[in-house]
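Engineer: Got a file for you: model.txt, compact mmCIF, C-alpha atoms.
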# COMPACT_ATOMS: atom_id res chain seq x y z
CA MET E 278 7.61 -18.49 11.21
CA THR E 279 7.02 -22.02 12.37
CA GLU E 280 9.12 -24.81 10.99
CA ALA E 281 7.22 -27.13 8.69
CA ARG E 282 7.33 -30.80 9.57
CA SER E 283 6.29 -33.77 7.52
CA HIS E 284 4.05 -36.52 8.87
CA THR E 285 7.21 -38.52 9.66
CA GLY E 286 8.67 -35.71 11.79
CA GLY E 287 11.36 -34.74 9.30
CA ARG E 288 11.78 -31.29 7.84
CA ARG E 289 10.00 -30.40 4.67
CA PRO E 290 9.98 -27.13 2.78
CA ILE E 291 7.58 -24.45 3.97
CA ARG E 292 4.71 -24.38 1.45
CA LEU E 293 4.45 -20.70 0.62
CA ALA E 294 2.17 -18.52 -1.48
CA LEU E 295 3.47 -15.20 -2.78
CA VAL E 296 0.85 -12.45 -2.84
CA GLY E 297 1.91 -9.76 -5.28
CA VAL E 298 3.75 -10.64 -8.48
CA GLY E 299 5.01 -7.22 -9.47
CA LYS E 300 8.43 -5.79 -10.19
CA ILE E 301 9.89 -6.39 -6.71
CA GLY E 302 8.31 -9.82 -6.44
CA ARG E 303 9.80 -10.89 -9.77
CA ALA E 304 13.21 -9.30 -9.23
CA GLN E 305 13.79 -10.27 -5.61
CA HIS E 306 11.24 -12.51 -3.93
CA ILE E 307 10.66 -15.18 -6.55
CA PRO E 308 14.37 -15.80 -7.28
CA ALA E 309 15.18 -15.91 -3.55
CA LEU E 310 12.34 -18.32 -2.79
CA LEU E 311 13.18 -20.61 -5.69
CA ALA E 312 16.87 -20.67 -4.68
CA ASP E 313 16.17 -21.64 -1.06
CA SER E 314 15.22 -25.27 -0.48
CA SER E 315 13.59 -24.27 2.83
CA TYR E 316 10.64 -23.00 0.78
CA ALA E 317 8.34 -24.52 -1.80
CA LEU E 318 6.68 -21.75 -3.79
CA THR E 319 3.30 -23.39 -4.06
CA ALA E 320 0.96 -20.67 -5.32
CA ALA E 321 0.81 -17.01 -6.25
CA VAL E 322 -1.81 -14.29 -6.06
CA SER E 323 -1.85 -11.50 -8.62
CA ARG E 324 -4.42 -9.64 -10.66
CA HIS E 325 -2.00 -9.09 -13.53
CA GLY E 326 1.06 -11.31 -13.13
CA ALA E 327 1.86 -14.99 -12.86
CA VAL E 328 4.74 -17.24 -11.91
CA GLU E 329 5.56 -19.83 -14.55
CA GLY E 330 4.70 -23.32 -13.35
CA ILE E 331 2.89 -22.08 -10.22
CA GLU E 332 -0.88 -21.91 -9.88
CA THR E 333 -1.89 -18.24 -9.74
CA PHE E 334 -5.10 -16.90 -8.22
CA PRO E 335 -6.68 -13.49 -8.90
CA ASP E 336 -7.15 -12.71 -5.19
CA LEU E 337 -6.33 -14.08 -1.75
CA ASP E 338 -9.89 -15.26 -1.08
CA SER E 339 -9.75 -17.49 -4.18
CA LEU E 340 -6.49 -19.00 -2.98
CA LEU E 341 -7.79 -19.61 0.54
CA ARG E 342 -10.96 -21.27 -0.82
CA SER E 343 -8.98 -23.43 -3.29
CA GLY E 344 -7.76 -25.99 -0.81
CA VAL E 345 -4.12 -25.59 -1.88
CA ALA E 346 -2.01 -26.87 1.03
CA LEU E 347 -0.04 -23.95 2.49
CA ASP E 348 1.97 -23.18 5.59
CA ALA E 349 2.58 -19.48 4.99
CA VAL E 350 1.87 -16.46 2.83
CA SER E 351 4.42 -13.82 1.86
CA PHE E 352 2.99 -10.40 1.02
CA CYS E 353 4.80 -8.34 -1.59
CA THR E 354 2.08 -5.74 -1.93
CA PRO E 355 1.80 -2.03 -1.13
CA PRO E 356 1.33 -1.47 2.63
CA GLN E 357 -1.97 0.40 2.22
CA GLY E 358 -3.94 -2.71 1.25
CA ARG E 359 -1.88 -5.29 3.07
CA HIS E 360 -3.59 -5.13 6.47
CA ALA E 361 -6.87 -6.76 5.41
CA LEU E 362 -5.00 -9.39 3.40
CA ALA E 363 -2.72 -10.25 6.32
CA CYS E 364 -5.74 -10.47 8.65
CA ALA E 365 -7.40 -12.97 6.30
CA ALA E 366 -4.24 -15.10 6.13
CA ILE E 367 -3.87 -15.06 9.92
CA GLU E 368 -7.52 -16.07 10.31
CA ALA E 369 -6.79 -18.96 7.93
CA ARG E 370 -4.07 -20.02 10.43
CA LEU E 371 -1.22 -19.31 8.03
CA ASP E 372 2.11 -17.83 8.99
CA VAL E 373 2.54 -14.38 7.46
CA MET E 374 5.66 -12.72 6.10
CA LEU E 375 5.50 -8.97 5.37
CA VAL E 376 7.93 -6.82 3.40
CA LYS E 377 9.12 -3.43 4.70
CA PRO E 378 7.32 -1.43 5.76
CA PRO E 379 5.08 -4.09 7.31
CA GLY E 380 2.04 -1.83 7.32
CA ALA E 381 0.67 1.61 6.58
CA SER E 382 0.75 2.50 10.28
CA VAL E 383 2.29 1.30 13.51
CA ALA E 384 -1.20 0.82 14.95
CA GLY E 385 -2.13 -1.48 12.06
CA VAL E 386 1.00 -3.57 12.54
CA LEU E 387 0.25 -3.90 16.26
CA VAL E 388 -3.23 -5.18 15.42
CA LEU E 389 -1.69 -7.82 13.13
CA GLU E 390 0.71 -8.83 15.89
CA GLN E 391 -2.17 -9.25 18.35
CA ARG E 392 -4.20 -11.28 15.86
CA ALA E 393 -1.20 -13.52 15.11
CA GLN E 394 -0.59 -14.12 18.80
CA ARG E 395 -4.25 -15.06 19.35
CA ALA E 396 -4.13 -17.40 16.33
CA GLY E 397 -0.99 -19.07 17.67
Go through the file and emit its structure as structure tokens.
Structural biologist:
Amino acid sequence: MTEARSHTGGRRPIRLALVGVGKIGRAQHIPALLADSSYALTAAVSRHGAVEGIETFPDLDSLLRSGVALDAVSFCTPPQGRHALACAAIEARLDVMLVKPPGASVAGVLVLEQRAQRAG
């Protein structure tokens, strides 16, 4: 993941959206992100959940169209549907963080790697 820099060249927290606010997201990802000053949990995406005090969108497309300033997206979703979501985030020039397993297949993960490399 690239290091976020402010307009003055100093470090600023990485503006991150969490996609998937389920049991694992609530128990592990949200507390870890909120406890680490390297990250600013800026938005969430969930059909059924929300993060108190954070703007939550029903789907990734809504978030990407919203204009919310982001540096990265962390996916805490089942691997079967994650590929298309990760592709959309990469195309939006966002850094992508995937939970284990990173995809439903090795071939799918390799495609994401190639897309990320092309996107820079």
Engineer: Check the smallest atom-to-atom distance from each of E:His360, E:His325, E:Arg288, E:Arg342 to Glu390 (chain E) using all atoms listed in the file, then report the winner.
Structural biologist: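 Nearest to Glu390 (chain E): E:His360.
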Engineer: I need the residue nearest Asp313 (chain E) from this list: E:Leu387, E:Val376, E:Ile291, E:Ile301. Use all atoms listed in the file for the distance.
Structural biologist: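 Selected residue with least distance to Asp313 (chain E): E:Ile291.
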Engineer: Let me have the centre and edge lengths of the axis-aligned box enclosing all listed atoms of region 312-319 of chain E with 5 Å padding on every side, in Å to one decimal, as lines of an AutoDock Vina configuration file.
Structural biologist:
center_x = 10.1
center_y = -23.0
center_z = -0.9
size_x = 23.6
size_y = 14.6
size_z = 17.5
Engineer: Which residues, written as a tab-separated table (two decimals) with C-alpha atoms, keeping the file's coordinate frame, have at least one atom at most 12 Å from Ala327 (chain E), with all atoms listed in the file counted and residues fewer than 4 positions away on the same chain left out?
Structural biologist:
chain	number	residue	atom	x	y	z
E	294	ALA	CA	2.17	-18.52	-1.48
E	295	LEU	CA	3.47	-15.20	-2.78
E	296	VAL	CA	0.85	-12.45	-2.84
E	297	GLY	CA	1.91	-9.76	-5.28
E	298	VAL	CA	3.75	-10.64	-8.48
E	299	GLY	CA	5.01	-7.22	-9.47
E	300	LYS	CA	8.43	-5.79	-10.19
E	302	GLY	CA	8.31	-9.82	-6.44
E	303	ARG	CA	9.80	-10.89	-9.77
E	307	ILE	CA	10.66	-15.18	-6.55
E	320	ALA	CA	0.96	-20.67	-5.32
E	321	ALA	CA	0.81	-17.01	-6.25
E	322	VAL	CA	-1.81	-14.29	-6.06
E	323	SER	CA	-1.85	-11.50	-8.62
E	331	ILE	CA	2.89	-22.08	-10.22
E	332	GLU	CA	-0.88	-21.91	-9.88
E	333	THR	CA	-1.89	-18.24	-9.74
E	334	PHE	CA	-5.10	-16.90	-8.22
E	335	PRO	CA	-6.68	-13.49	-8.90
Engineer: For the point (-0.1, -18.4, 8.1) in file coordinates, what residues are within 7 Å, counting only C-alpha atoms? Give the answer as a compact mmCIF listing (two decimals) with C-alpha atoms, keeping the file's coordinate frame?
Structural biologist:
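Below you can see result_14.txt, which holds the result:
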# COMPACT_ATOMS: atom_id res chain seq x y z
CA ASP E 348 1.97 -23.18 5.59
CA ALA E 349 2.58 -19.48 4.99
CA VAL E 350 1.87 -16.46 2.83
CA ALA E 366 -4.24 -15.10 6.13
CA ILE E 367 -3.87 -15.06 9.92
CA ALA E 369 -6.79 -18.96 7.93
CA ARG E 370 -4.07 -20.02 10.43
CA LEU E 371 -1.22 -19.31 8.03
CA ASP E 372 2.11 -17.83 8.99
CA VAL E 373 2.54 -14.38 7.46
Engineer: Select, from E:Lys377, E:Ala361, E:Leu318, E:Gly330, the residue with the minimum atom-to-atom distance to Leu347 (chain E), counting all atoms listed in the file.
Structural biologist: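 The shortest atom-to-atom distance to Leu347 (chain E) comes from E:Leu318.
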Engineer: Interatomic distance between CA of Ala304 (chain E) and CA of Ala317 (chain E)?
Structural biologist: 17.6 Å
Engineer: In Å to one decimal, how far is CA of Leu375 (chain E) from CA of Phe352 (chain E)?
Structural biologist: 5.2 Å
Engineer: Kindly give the distance, in Å, that separates CA of Leu311 (chain E) and CA of Gly397 (chain E), rounded to a single decimal.
Structural biologist: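 If I compute the distance from CA of Leu311 (chain E) to CA of Gly397 (chain E), I get 27.4 Å.
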Engineer: With distances taken over only C-alpha atoms, which of E:Ser339, E:Gln357, E:Ser315, E:Gln394 is nearest to Pro378 (chain E)?
Structural biologist: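 Ranking E:Ser339, E:Gln357, E:Ser315, E:Gln394 by distance to Pro378 (chain E), first place goes to E:Gln357.
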Engineer: Taking all atoms listed in the file into account, name the residue in E:Asp338, E:Arg395, E:Met374, E:Pro379 that is nearest to Pro355 (chain E).
Structural biologist: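 Checking each candidate against Pro355 (chain E), we get E:Pro379 as the closest.
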Engineer: Out of E:Ala396, E:Gly344, E:Cys364, E:Gly358, which residue has the shortest atom-to-atom distance to Ser382 (chain E) when counting all atoms listed in the file?
Structural biologist: E:Gly358
